[in-house]
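Undergrad: The following block contains the structure, expressed as structure tokens.
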Amino acid sequence: MLRVALIGFGGIAQSSHLPAYRNLQEQGKVQLVAACDIDPKRFSTKMEINIGSAEEDSGMEFNKYSNWEEMLANEEVDMVDICLPTFLHAEIAIELLNRGYNVLCEKPMALDYEQSSAMVEAAKNAKGQLMIGQCLRFASAYTFLKDTIQAQTYGKPVSAVFRRMSGPPIWGWDNWYMDNARSRGCLLDMHIHDIDMTRFLFGEPDTVTCTTKDFYSGDDIVYSRLMYDGIDVLAIGDWAQEGTGFTADYTVAFEKATIKLDTDGVTVYPRGGKAYKPELSSQSFYEAEIEFFVDTVSSGAANVVNPPSSASTTVKLIDTLRESARNGGSIVPFEK
Ligand SMILES: NC(=O)c1ccc[n+]([C@@H]2O[C@H](COP(=O)([O-])OP(=O)(O)OC[C@H]3O[C@@H](n4cnc5c(N)ncnc54)[C@H](O)[C@@H]3O)[C@@H](O)[C@H]2O)c1
């Protein structure tokens with residue numbers, strides 16, 4: 001059983017990680033021993049964010065701190081879960097790896113490729129493992145796509161569109177999301193899910209183009225095209241959709257079927273056949289992601305599903321998209 005400490009008790013920690021730890025704790029896989037937040041009020045405020053809300057009563061008991069150094073000095077911990085604003089990820093993850101902890105760090109890995117590469121280097125020399133919370137790699141609606149592509153169930157994929165949209169994230173500590181220097185806008189923050197998924201499914205694109213529009217923080221509305229030999233992928237990230245809640249969907253056409261994710265879940269439309277809904281796991285993908293990391297650390301297995309080097313390449317691809325956007329949407333080769 002791994003002893004876990006959380007750093008940052010805001011939106012994602014409360015809405016998604018805490019329920020996951022409760023379920024994994026019930027199975028005897030982890031014990032959440034402590035959590036820390038610089039703002040002690042976060043321990044008495046139920047956070048509501050675009051993707052979900054904190055439970056009324058999580059039923060979890062753990063020690064609470066306002067300083068993570070003090071927490072780790074007082075607690076015996078095997079794994080630290082970083083749920084901090086993005087601009088703090090690299091510095092604190094590297095420090096924790098140097099201290100020998102296993103580190104799960106929320107996405108985006110870091111603000112840019114220079115920072116994410118430093119994290120990869122730190123992980124190479126560390127006793128503990130590092131994983132970044134690219135949670136879609138553990139979401140059944142997306143692993144179904146991955147399996148379908150790998151098995152060539154419906155032939156080759158020929159077109160793909162991924163969208164992820166919400167209102168602006170204004171719940172953040174010190175309003176950090178609305179400050180491009182600390183969040184890098186929707187382009188890095190929310191769009192990264194679909195850019196990472198595109199790499200997970202199709203590998204590295206040859207060239208990319210991207211345009212962004214500034215609305216709140218800068219780079220709030222993002223249109224990206226990733227071009228491969230044989231398929232172009234369109235990805236849209238948008239956090240200017242005030243009032244509509246959060247939506248994420250995809251449509252991927254294959255030679256012999258089209259697969260869609262929408263508010264109705266995943267539907268497969270085989271050419272000339274009857275549409276059907278595949279049976280998919282209903283486990284929360286945050287829980288699946290945390291369980292995967294806990295199992296990987298506990299067994300000492302190599303992490304081939306979501307290694308830090310891959311998360312870092314995704315950050316590099318976001319940097320390349322930004323370069324295109326800053327040059328009016330020019331076509332930029334992706335240096336693999
Ligand atoms: N995987 C996903 O789907 C998903 C969804 C939302 C957010 N996120 C990511 O999770 C991270 C956190 O986002 P959030 O929405 O929870 O933000 P948030 O602002 O709600 O929470 C961050 C918390 O960190 C605390 N904090 C700040 N500095 C600290 C410090 N030095 N020591 C201890 N605590 C400190 C803040 O008080 C706040 O409670 C971000 O990187 C974000 O991109 C991921």
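Convention: chains lettered A, B, ... in structure tokens order; per-chain residue numbering from 1; ligands numbered from 1 as shown.
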Could the residues that lie within 7 Å of ligand 1, counting only C-alpha atoms and all ligand atoms, be listed as number ranges by chain?

TA: A: 7-13, 36-39, 42, 51, 66-68, 83-86, 106-108, 133-135, 171-173, 176, 189

Undergrad: Taking 3 positions as the minimum chain separation for residues in the same chain, which residues sit within 8 Å of A:Lys316 when counting only C-alpha atoms? Answer as number ranges by chain.

TA: A: 112-113, 312-313, 319-320

Undergrad: Suppose you want the space between atom CA of A:Leu97 and atom CA of A:Met109; what is it in Å?

TA: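 Here the two named atoms are 14.2 Å from each other.
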
Undergrad: Please return, as a list in words, all residues of stretch 272-305 of chain A that DSSP assigns to helix (DSSP H, G or I) on the basis of the backbone.

TA: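 The helix (DSSP H, G or I) subset of stretch 272-305 of chain A is Phe285, Tyr286, Glu287, Ala288, Glu289, Ile290, Glu291, Phe292, Phe293, Val294, Asp295, Thr296, Val297, Ser298 and Ser299 of chain A.
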
Undergrad: Out of stretch 180-245 of chain A, which residues get strand (DSSP E or B) from DSSP, as an mmCIF file with N, CA and C atoms, in the first residue's frame?

TA:
```cif
data_model
loop_
_atom_site.group_PDB
_atom_site.id
_atom_site.type_symbol
_atom_site.label_atom_id
_atom_site.label_comp_id
_atom_site.auth_asym_id
_atom_site.auth_seq_id
_atom_site.Cartn_x
_atom_site.Cartn_y
_atom_site.Cartn_z
ATOM 1 N N THR A 207 3.807 18.099 -39.972
ATOM 2 C CA THR A 207 3.713 19.563 -39.895
ATOM 3 C C THR A 207 2.436 19.933 -39.146
ATOM 4 N N VAL A 208 2.401 21.184 -38.654
ATOM 5 C CA VAL A 208 1.193 21.651 -37.952
ATOM 6 C C VAL A 208 0.912 23.104 -38.336
ATOM 7 N N THR A 209 -0.366 23.483 -38.187
ATOM 8 C CA THR A 209 -0.694 24.908 -38.229
ATOM 9 C C THR A 209 -1.647 25.180 -37.070
ATOM 10 N N CYS A 210 -1.640 26.425 -36.604
ATOM 11 C CA CYS A 210 -2.504 26.763 -35.468
ATOM 12 C C CYS A 210 -2.811 28.258 -35.499
ATOM 13 N N THR A 211 -4.052 28.609 -35.182
ATOM 14 C CA THR A 211 -4.362 30.014 -34.921
ATOM 15 C C THR A 211 -5.012 30.087 -33.541
ATOM 16 N N THR A 212 -4.794 31.208 -32.872
ATOM 17 C CA THR A 212 -5.439 31.395 -31.564
ATOM 18 C C THR A 212 -6.068 32.783 -31.514
ATOM 19 N N LYS A 213 -7.072 32.921 -30.655
ATOM 20 C CA LYS A 213 -7.676 34.242 -30.419
ATOM 21 C C LYS A 213 -7.589 34.559 -28.933
ATOM 22 N N ILE A 221 -9.004 30.753 -27.661
ATOM 23 C CA ILE A 221 -9.763 30.007 -28.680
ATOM 24 C C ILE A 221 -8.718 29.500 -29.671
ATOM 25 N N VAL A 222 -8.651 28.174 -29.831
ATOM 26 C CA VAL A 222 -7.510 27.568 -30.523
ATOM 27 C C VAL A 222 -7.985 26.610 -31.607
ATOM 28 N N TYR A 223 -7.520 26.814 -32.833
ATOM 29 C CA TYR A 223 -7.811 25.895 -33.942
ATOM 30 C C TYR A 223 -6.484 25.329 -34.431
ATOM 31 N N SER A 224 -6.295 24.022 -34.284
ATOM 32 C CA SER A 224 -5.032 23.389 -34.688
ATOM 33 C C SER A 224 -5.295 22.343 -35.762
ATOM 34 N N ARG A 225 -4.356 22.246 -36.689
ATOM 35 C CA ARG A 225 -4.407 21.150 -37.680
ATOM 36 C C ARG A 225 -3.064 20.439 -37.621
ATOM 37 N N LEU A 226 -3.107 19.117 -37.454
ATOM 38 C CA LEU A 226 -1.878 18.318 -37.362
ATOM 39 C C LEU A 226 -1.867 17.394 -38.574
ATOM 40 N N MET A 227 -0.813 17.519 -39.365
ATOM 41 C CA MET A 227 -0.818 16.827 -40.662
ATOM 42 C C MET A 227 0.150 15.650 -40.682
ATOM 43 N N ASP A 232 -5.193 14.125 -41.810
ATOM 44 C CA ASP A 232 -5.083 15.420 -41.128
ATOM 45 C C ASP A 232 -6.004 15.369 -39.910
ATOM 46 N N VAL A 233 -5.533 15.887 -38.800
ATOM 47 C CA VAL A 233 -6.349 15.900 -37.576
ATOM 48 C C VAL A 233 -6.657 17.357 -37.222
ATOM 49 N N LEU A 234 -7.934 17.636 -36.962
ATOM 50 C CA LEU A 234 -8.331 18.979 -36.540
ATOM 51 C C LEU A 234 -8.655 18.938 -35.051
ATOM 52 N N ALA A 235 -8.106 19.882 -34.305
ATOM 53 C CA ALA A 235 -8.415 19.938 -32.865
ATOM 54 C C ALA A 235 -8.813 21.368 -32.506
ATOM 55 N N ILE A 236 -9.887 21.471 -31.742
ATOM 56 C CA ILE A 236 -10.388 22.790 -31.325
ATOM 57 C C ILE A 236 -10.409 22.842 -29.800
ATOM 58 N N GLY A 237 -9.817 23.894 -29.266
ATOM 59 C CA GLY A 237 -9.878 24.130 -27.824
ATOM 60 C C GLY A 237 -10.482 25.504 -27.624
ATOM 61 N N ASP A 238 -11.417 25.617 -26.693
ATOM 62 C CA ASP A 238 -12.128 26.896 -26.593
ATOM 63 C C ASP A 238 -12.614 27.066 -25.163
#
```

Undergrad: For A:Pro157, which residue out of A:Glu95, A:Asp264, A:Asp229, A:Asp57 is the nearest one, using only C-alpha atoms?

TA: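 Closest residue, counting only C-alpha atoms: A:Asp229.
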
Undergrad: If we count only C-alpha atoms and set the cut-off at 9 Å, which residues sit around A:Ser217, ignoring sequence neighbours fewer than 5 positions away in its own chain? Please answer as a list in words.

TA: Pro168, Tyr177, Met178, Asp179, Asn180, Ala181, Ser183, Arg184, Gly185 and Cys186 of chain A

Undergrad: My list of candidates is A:Ile82, A:Leu187, A:Ala288, A:Ala301. Which is closest to A:Pro19 when distances are computed with only C-alpha atoms?

TA: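 The closest residue to A:Pro19 is A:Ala288.
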
Undergrad: Which residues come within 10 Å of A:Thr244, counting only C-alpha atoms, excluding same-chain residues fewer than 5 positions away, as number ranges by chain?

TA: A: 50, 165-167

Undergrad: Looking at A:Leu317, A:Val252, A:Glu323, A:Phe43, which one is nearest to A:Thr148, with distances taken over only C-alpha atoms?

TA: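 Looking at the shortest contact to A:Thr148, the residue is A:Val252.
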
Undergrad: Would you mind telling me which residue in A:Asn306, A:Ala90, A:Phe62, A:Gly218 lies nearest to A:Ala325 when using only C-alpha atoms?

TA: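 Distance minimum relative to A:Ala325 lands on A:Gly218.
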
Undergrad: Write out as a list in words the residues lying within 9 Å of A:Ser140, counting only C-alpha atoms and excluding same-chain residues fewer than 2 positions away.

TA: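 Contacts, in chain order: Leu136, Arg137, Phe138, Tyr142, Thr143, Phe144, Leu145, Leu280, Ser281, Ser282, Gln283 and Phe285 of chain A.
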